[in-house]
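Worksheet: the structure to be examined is printed underneath.
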Amino acid sequence: MSETIQTLLQEERAFPPSPEFIAQANMADASIYDEATKDPVAFWERWAHELDWFQPWTKTLEWRLPDAKWFIGGKLNACYNCVDRQAAGPRADKVAIIGEGEPGDVRTWTFRELKDEVSRIANGLKELGVRKGDRVCIYMPMIPELAMAMLACARIGAAHSVVFGGFSAESLYDRINDAKANIVITSDGGWRRGHVVPLKAMVDEALDLGCPTIEKVLVHTRVGPAGVAATPAYHEGAWDEGRDVRWDDLIPRQSTDCPCEPMDSEDLLFILYTSGSTGKPKGIVHTTGGYLTGTYATFQWIFDIKEDDIHFCTADCGWVTGHSYIVYGPLANGATVLVYEGAPDTPDKDRFWQIIDRHKATILYTAPTAIRAFMKWGDQYPARCDMSSLRLLGSVGEPINPEAWMWYQKHIGRDRCPIVDTWWQTETGAIMISPLPGITATKPGSATRPFPGIQARIFNDEGRDLSTPHYQLIAQGKKPAPIGGYLVVTHPWPSMMRGIFGDHDRYVKTYWSRFSEAYFTGDGAKVDTDGYFWLLGRVDDIMLVAGHNISTMEVESALVDHPAVAEAAVIGKTHDLKGQAIAAFVIIRGGHTYDDHLIEELKAHVAKKIGAIARPDDIIIAAELPKTRSGKIMRRLLRDVAEGRALGDTTTLADPSVVATLKDKYEALES
């Protein structure tokens, strides 16, 4: 982008933390920002000292761009820090995990019980031949045993590669082979919207495609006749006696004595696959010491964790949010986590609110996609549940539009819960930009400030740092105009990825070639007059309209600001005169009817909110938007639809037929 991104949508509302919240906050001293900026290495070293190490490190950081090593020579174990040290102290009988299945079954484990169960699983894996340095693929529903399997791998020094249970057999096959996994841990099935997802059958299909490194498949029973939430109608399918091993035959008979393997700080903890521009998934590599330090620190301060908190993160452990803020960050802090298996609308659209009511959850961490769905469903669903236990809300996964933020605050937080809007990536391992709820005055739609010790900057197309002079003006008491550009990070941080598994050249090319001395996030961002960051989406979601760079996210926010719109996705389509024209796909809220008049009204609304330059050329009303199984809108496919191209690969779509429907609508509009 040859010029600064246009930052046209302005948000003036601000919400400072209440005096009551400040009084009890884990961190309420804003001087920590300056302190961490002056010496980020010392800042992170202090956090690392709060973990339990078998052997201290000899050097805190070795930085040879683009490769970082943290806490060199130190030895520790992630499972020990999450489980053993809690079970050995005053938290031994504190509940560690509350698991609620979609059918309604509820199970709990204290830290003492969790240590015993994880040890049994770890010994079972050893019996199957898993050793330090091996890779274990985990393909399970979102049940507590998934988290336990991750911890068991960490306990014995095997790297886990969790594959989201909604991915296809072919996607599973790709990830197993890329990681060269020895073992697959799966379940016979899992529950989703009242139906069984046949996970074991998907594993069989993947292995039939050819996975030569797999030696054993460990099968947990979830929905079969012996399962906790069983269905007699479910049939497991094929069984390979030489390869398949039943969890119930192996794990219960194992000893609870399983010492944790001392791991070097830079030893591999896990591989997690994320999408790549080439279509081939990238195996993001995270190591033990730095990753655990980053997740431990960010969870403690950003979520203001207290001993009696119950943390409800609605993510799946198939994504990095589940790794960092269901398993490693919370449990390393000795927190109680609430794990839910199923869909938010089963048996009714108040399932999340019923869970909060039933278990008295105090923290909710969910995604803007979900929040917008809740808005669409209606205010009556949260209104009929008691959510007075909540004291903090979080947002993760994509930029949240201001009106969704306000709805979240009013209808879920009841105007008393701070919202921590967090920006980070699979690659960063831990949250990078977020309010600290005892310090930061929040603004709807802004992730606010980088976490202390994180040096985020805005670069222009030539690699010039726009944010440093911007902050200098703010420090002088001035109010500089907002700036926009590429979001980069200019100093290493402990939880940063260590590479792409088996492909260092791709790692360098993807993240370190755009700018010579900075990590390129791939996101656009702006910094406002107060120094707050506003994420504008992926750089390829920045539209160049008649010479103006306009963020898709800002146009989407303007559309959702209209009372008739529940959700919107905006893309730039090729235009002979403008270069790109704006096309919007919108979902209308219940109770509103749509016609040509409404479409013209929406176009005018965007023009009023942002400016005439942002007025959409086309608005298409849709029943649903094409999304990945993690809930992200597939804008690449929307561009294909808008420009009449082939739809491309739809294997990761939650409902591929949605794209065909949209394509038909668009072609009818064009005819």
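Chains: A, B, ... in order of the structure tokens. Residues: from 1 per chain. Ligands: from 1, in order shown.
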
Could you build a table of the residues in segment 397-465 of chain A lying no more than 8 Å from segment 539-559 of chain A, giving for each the nearest pair of atoms and their separation in Å rounded to one decimal place, using only C-alpha atoms, ordered by chain and ascending residue number, as a Markdown table?
```
| residue | atom | partner | partner_atom | distance |
| --- | --- | --- | --- | --- |
| A:Pro399 | CA | A:Met553 | CA | 7.4 |
| A:Asn401 | CA | A:Ser557 | CA | 4.9 |
| A:Pro402 | CA | A:Ser557 | CA | 6.7 |
| A:Glu403 | CA | A:Ser557 | CA | 7.3 |
```

Resulting file, chosen residues, N, CA and C atoms, as a short mmCIF file (atom, residue, chain, number, x, y, z; two decimals), in the first residue's frame:
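What landed in result-v1.cif:
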```
data_model
loop_
_atom_site.label_atom_id
_atom_site.label_comp_id
_atom_site.auth_asym_id
_atom_site.auth_seq_id
_atom_site.Cartn_x
_atom_site.Cartn_y
_atom_site.Cartn_z
N PRO A 399 -11.33 -8.55 14.50
CA PRO A 399 -11.78 -7.26 15.05
C PRO A 399 -13.27 -7.29 15.33
N ASN A 401 -16.73 -5.22 15.70
CA ASN A 401 -17.30 -3.93 15.32
C ASN A 401 -17.93 -3.26 16.56
N PRO A 402 -17.91 -1.93 16.61
CA PRO A 402 -18.34 -1.22 17.82
C PRO A 402 -19.74 -1.58 18.30
N GLU A 403 -20.69 -1.77 17.38
CA GLU A 403 -22.05 -2.05 17.85
C GLU A 403 -22.17 -3.44 18.47
#
```

Inset, instruction - Do a neighbour search on Arg135 of chain A at 12 Å with only C-alpha atoms, toss out local chain neighbours closer than 4 positions, and write the hits as a count of residues only. - result: 35

Legend entry - Long-range neighbours of Val560 of chain A as JSON, numbers by chain, 12 Å cut-off, only C-alpha atoms, 3 positions minimum in chain: {"A": [372, 373, 375, 376, 400, 401, 402, 403, 404, 405, 406, 407, 553, 554, 555, 556, 557, 563, 564, 565, 566, 567, 568, 569, 570, 584, 585, 586, 587, 588, 589, 602, 603, 605, 606, 609]}

Next, write the just-selected residues to a file, as a compact mmCIF listing (two decimals), in the first residue's frame, keeping C-alpha atoms as the atom set.
```
# COMPACT_ATOMS: atom_id res chain seq x y z
CA ARG A 372 -23.04 -11.12 16.20
CA ALA A 373 -24.99 -14.39 16.04
CA MET A 375 -27.39 -10.26 18.45
CA LYS A 376 -29.23 -11.74 15.49
CA ILE A 400 -15.08 -6.62 16.79
CA ASN A 401 -17.30 -3.93 15.32
CA PRO A 402 -18.34 -1.22 17.82
CA GLU A 403 -22.05 -2.05 17.85
CA ALA A 404 -21.38 -5.71 18.62
CA TRP A 405 -19.05 -4.51 21.40
CA MET A 406 -21.81 -2.31 22.82
CA TRP A 407 -24.38 -5.12 22.63
CA MET A 553 -13.78 -3.97 8.71
CA GLU A 554 -14.78 -0.30 8.91
CA VAL A 555 -17.42 -0.69 6.19
CA GLU A 556 -18.71 -3.84 7.93
CA SER A 557 -18.95 -1.92 11.20
CA PRO A 563 -30.62 -1.70 13.13
CA ALA A 564 -31.67 -4.07 10.33
CA VAL A 565 -28.24 -5.71 9.90
CA ALA A 566 -27.07 -8.62 12.05
CA GLU A 567 -23.81 -9.38 10.25
CA ALA A 568 -21.89 -8.17 7.22
CA ALA A 569 -18.92 -9.19 5.12
CA VAL A 570 -17.33 -6.73 2.73
CA ALA A 584 -21.22 -6.21 0.77
CA PHE A 585 -22.93 -9.43 1.84
CA VAL A 586 -25.31 -8.86 4.75
CA ILE A 587 -27.57 -10.89 7.03
CA ILE A 588 -30.78 -9.15 8.08
CA ARG A 589 -32.05 -9.34 11.65
CA LEU A 602 -27.96 0.64 3.77
CA LYS A 603 -25.78 2.20 1.07
CA HIS A 605 -26.09 4.65 5.89
CA VAL A 606 -22.52 3.63 5.07
CA LYS A 609 -21.10 6.89 8.70
```

Inset, instruction - Quick one: everything within 12 Å of Val508 of chain A, counting only C-alpha atoms, minus sequence neighbours fewer than 2 positions away in the same chain. Send it as a PyMOL selection string. - result: chain A and resi 65-67+497-500+503-506+510-520

Inset, instruction - For segment 224-231 of chain A, list every protein, DNA or RNA residue within 8 Å, evaluated using only C-alpha atoms, and leave out those in the same chain fewer than 4 positions away; present the list as a PyMOL selection string. - result: chain A and resi 101+103+105+188-189+235-236

Legend entry - Neighbour list for segment 144-147 of chain A as a ChimeraX atom specification, cut-off 7 Å, only C-alpha atoms, skip fewer than 3 positions in-chain: /A:99,140,150-151,327,339

Inset, instruction - Enter the distance from atom CA of Glu398 of chain A to atom CA of Ala447 of chain A, in Å, rounded to one decimal. - result: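 Pair atom CA of Glu398 of chain A / atom CA of Ala447 of chain A returns 10.3 Å.
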
Legend entry - For Gln86 of chain A: contacts at 12 Å, only C-alpha atoms, fewer than 5 positions along chain excluded, given as number ranges by chain: A: 51-52, 79-81, 91-96, 110-115, 330-336

Legend entry - Point-to-point distance in Å for atom CA of Pro368 of chain A and atom CA of Lys410 of chain A: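 Going from atom CA of Lys410 of chain A over to atom CA of Pro368 of chain A, I get 14.8 Å.
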
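Note that atom CA of Val641 of chain A and atom CA of Lys663 of chain A are 5.0 Å apart.
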